[in-house]
Amino acid sequence: MFVAEVLGDGSALDAGNTAWMLTSASLVLLMTPALAFFYGGMVRSKSVLNMMMMSFGAMGVVGVLYVLWGWSMSYGSTVGGWFGNPFEQFALKGVFESTPDGYVYAMSEGLPVIVDVGFQVTFAIITVALINGALAERVKFGSWLLFVGLWVTLSYFPLAHQVWGGGFLADGESGLSALIFGSTDGEANVAPIDFAGGTVVHINAGIAALVLALLIGKRKGFGKEPMRPHNLPYVMLGAALLWFGWFGFNAGSAYGAIGDAGLAWVNTTTATAAAMCAWMIVEKFRDGHATSLGAASGIVAGLVAITPAAGSVSPIGAIFVGGIAGILAALAVGLKYKFGYDDSLDVVGVHFVGGLTGTVLIGLFATESGLFYGGGIKQLVVQIVIALFAIIWAAVATLIAAFIVKATMGWRVSEEVEVGGIDLAVHGESAYETVSGARVVTEVK
């Protein structure tokens, strides 16, 4: 027997919104296996299983840590505006209680809080999984798992609290925006906008990818030998599943089966389509071909850029957000060759550039406060400032986590393993029976 939900704000269960949020959580969870396909197809055949395992490994580590202290650090009582108290709701204390008659659930505006926990953990999982694309084919699997636990604790959970949990980057009177433009009745006069994770997810993961790529170094042969995607259909499949899952990511962030969810859905589709077209146009003029890899990358760039803006721009604005992001990201992925850092699968070019673009463009295209809609420059200033703060926080937190891993376990596999194939050496498996017509030996000797 399960008794009525009476904890929290005491609101009655809204079954429709609860069902919508459970569906959205499931869609977002699908994004991490989708990312595994997307990244797995982009690496060489000798490393595909390891690439996919890094995403699945993130699901395992974060899925446990979020229940223990991740939820509490994200949404517990604030500690100086920087992070939530990790002990206040440790192991989901207060989220539900066991009684002789069954479970009693805390409620928030008609939604059981345990459902929100399920929704939010999927965001934490996909965020850290995004980073592994910058580390392809050269890092120890165990070191990656240790980094995952450290990074979500030092970077993701605190930024989630700062942006969504009422912390320093939120709209309270003690937040960064209020310090710049003042507050009224306890709220910032100009509220920062991050609908579904431009700062928390994409800038955060993109900067972490850049820091790790610089710290760990290049793959052997980077820039000297071909490192082409081994399975473009995997890449296309991954992009398609990411697009599908992203409706839970963005439309689900409306927290209800309401008009705002519909707007986020339409904006997500519109911006993504525009970004894909823009990327292919850049490719055609620059390289002479519009490629499947470019189309898939453009899809992800558009999804990334509209994430923070999905609830604040019109569909016309979404076209501009997606189109601009598609162009900038298509150009940005080539920077790694110019500056010599090995961001293997373009996490920096797509997620950092896309996330930064979407976050800043809110200041221009937000229908209620954007510069192009008569809102003045204040929203643009706030969006730039919170983006810069997120960059600094993510960079420092990543450096701390990365150096802990380096000092304890080390980052790189041996040169022999890297050259021979990380799948067989680390996991004792190979993805394919044959490679270039030769049978692969699948046992480790």
# chains A, B, ... in the order shown; residues from 1 in each chain; ligands from 1
>>> residues_around(residues="Val381 in chain A", least_positions_apart="5", cutoff="9 Å", atoms="only C-alpha atoms", output="list of chain:residue names")
A:Val360, A:Gly363, A:Ile386
>>> write_last_selection(atoms="N, CA and C atoms", output="mmCIF file, in the first residue's frame")
data_model
loop_
_atom_site.group_PDB
_atom_site.id
_atom_site.type_symbol
_atom_site.label_atom_id
_atom_site.label_comp_id
_atom_site.auth_asym_id
_atom_site.auth_seq_id
_atom_site.Cartn_x
_atom_site.Cartn_y
_atom_site.Cartn_z
ATOM 1 N N VAL A 360 25.009 33.505 -24.596
ATOM 2 C CA VAL A 360 25.176 34.927 -24.875
ATOM 3 C C VAL A 360 24.054 35.456 -25.766
ATOM 4 N N GLY A 363 20.852 37.212 -24.615
ATOM 5 C CA GLY A 363 20.862 38.651 -24.377
ATOM 6 C C GLY A 363 20.401 39.461 -25.573
ATOM 7 N N ILE A 386 27.760 35.690 -16.446
ATOM 8 C CA ILE A 386 27.575 34.358 -15.859
ATOM 9 C C ILE A 386 28.330 33.299 -16.668
#
>>> atom_distance(atom1="CA of Met53 in chain A", atom2="CA of Val28 in chain A")
18.0 Å
>>> closest_atom_pairs(of="range 279-353 of chain A", to="range 199-203 of chain A", cutoff="10 Å", atoms="only C-alpha atoms", output="Markdown table")
| residue | atom | partner | partner_atom | distance |
| --- | --- | --- | --- | --- |
| A:Val304 | CA | A:His202 | CA | 6.9 |
| A:Ala305 | CA | A:His202 | CA | 8.8 |
| A:Thr307 | CA | A:His202 | CA | 8.9 |
| A:Pro308 | CA | A:Thr199 | CA | 7.7 |
| A:Val347 | CA | A:His202 | CA | 9.1 |
| A:Val348 | CA | A:Ile203 | CA | 8.8 |
| A:Val350 | CA | A:His202 | CA | 8.9 |
| A:His351 | CA | A:His202 | CA | 5.2 |
| A:Phe352 | CA | A:Ile203 | CA | 4.7 |
| A:Val353 | CA | A:Ile203 | CA | 7.7 |
>>> closest_atom_pairs(of="range 29-73 of chain A", to="range 77-96 of chain A", cutoff="9 Å", atoms="only C-alpha atoms", output="Markdown table")
| residue | atom | partner | partner_atom | distance |
| --- | --- | --- | --- | --- |
| A:Leu65 | CA | A:Ala91 | CA | 9.0 |
| A:Tyr66 | CA | A:Ala91 | CA | 8.4 |
| A:Val67 | CA | A:Ala91 | CA | 5.3 |
| A:Leu68 | CA | A:Ala91 | CA | 4.2 |
| A:Trp69 | CA | A:Phe90 | CA | 5.1 |
| A:Gly70 | CA | A:Pro86 | CA | 7.3 |
| A:Trp71 | CA | A:Leu92 | CA | 7.3 |
| A:Ser72 | CA | A:Pro86 | CA | 4.9 |
| A:Met73 | CA | A:Gly84 | CA | 3.9 |
>>> write_last_selection(atoms="C-alpha atoms", output="PDB file, in the first residue's frame")
ATOM      1  CA  LEU A  65      27.025   9.573  -6.307  1.00  0.00           C
ATOM      2  CA  TYR A  66      23.974  11.644  -7.193  1.00  0.00           C
ATOM      3  CA  VAL A  67      21.825   9.708  -4.753  1.00  0.00           C
ATOM      4  CA  LEU A  68      24.481   9.955  -2.032  1.00  0.00           C
ATOM      5  CA  TRP A  69      25.427  13.628  -2.146  1.00  0.00           C
ATOM      6  CA  GLY A  70      24.823  14.996  -5.646  1.00  0.00           C
ATOM      7  CA  TRP A  71      21.183  15.941  -5.113  1.00  0.00           C
ATOM      8  CA  SER A  72      21.977  17.534  -1.772  1.00  0.00           C
ATOM      9  CA  MET A  73      24.930  19.494  -3.160  1.00  0.00           C
TER      10      MET A  73
END
>>> residues_around(residues="Gly175 in chain A", least_positions_apart="3", cutoff="12 Å", atoms="only C-alpha atoms", output="PyMOL selection string")
chain A and resi 78+80-82+161-172+178-183+186-192+382+385-386+389
>>> residues_around(residues="Trp411 in chain A", least_positions_apart="3", cutoff="7 Å", atoms="only C-alpha atoms", output="PyMOL selection string")
chain A and resi 139-140+143+216+405-406
>>> atom_distance(atom1="CA of Thr359 in chain A", atom2="CA of Ile126 in chain A")
18.7 Å
>>> select_by_dssp(residues="range 192-440 of chain A", states="strand (DSSP E or B)", output="ChimeraX atom specification")
/A:412,434-435,438-439
>>> write_last_selection(atoms="N, CA and C atoms", output="JSON list (two decimals), in the first residue's frame")
[["chain", "number", "residue", "atom", "x", "y", "z"],
["A", 412, "ARG", "N", 47.64, 8.45, -18.74],
["A", 412, "ARG", "CA", 47.84, 7.85, -20.06],
["A", 412, "ARG", "C", 48.07, 6.34, -19.99],
["A", 434, "THR", "N", 36.63, -8.76, -37.76],
["A", 434, "THR", "CA", 37.74, -8.51, -38.66],
["A", 434, "THR", "C", 37.99, -7.03, -38.80],
["A", 435, "VAL", "N", 39.23, -6.69, -39.01],
["A", 435, "VAL", "CA", 39.64, -5.32, -39.31],
["A", 435, "VAL", "C", 40.57, -5.38, -40.50],
["A", 438, "ALA", "N", 41.75, -8.89, -41.72],
["A", 438, "ALA", "CA", 42.54, -9.77, -40.86],
["A", 438, "ALA", "C", 41.75, -10.08, -39.59],
["A", 439, "ARG", "N", 41.79, -11.32, -39.18],
["A", 439, "ARG", "CA", 41.06, -11.72, -37.99],
["A", 439, "ARG", "C", 41.72, -11.11, -36.76]]
>>> closest_atom_pairs(of="range 281-371 of chain A", to="range 261-267 of chain A", cutoff="6 Å", atoms="only C-alpha atoms", output="tab-separated table")
residue	atom	partner	partner_atom	distance
A:Ala310	CA	A:Ala264	CA	4.7
A:Gly311	CA	A:Ala264	CA	5.3
A:Pro315	CA	A:Asn267	CA	5.2
A:Ala318	CA	A:Asn267	CA	5.5
>>> write_last_selection(atoms="N, CA and C atoms", output="tab-separated table (two decimals), in the first residue's frame")
chain	number	residue	atom	x	y	z
A	310	ALA	N	15.88	27.80	-24.88
A	310	ALA	CA	14.69	27.15	-25.43
A	310	ALA	C	13.39	27.75	-24.93
A	311	GLY	N	13.38	28.29	-23.73
A	311	GLY	CA	12.15	28.83	-23.16
A	311	GLY	C	12.04	30.34	-23.23
A	315	PRO	N	10.42	30.99	-32.06
A	315	PRO	CA	10.96	30.10	-33.10
A	315	PRO	C	11.81	30.84	-34.14
A	318	ALA	N	15.02	31.23	-32.55
A	318	ALA	CA	15.70	29.94	-32.52
A	318	ALA	C	16.45	29.67	-33.83
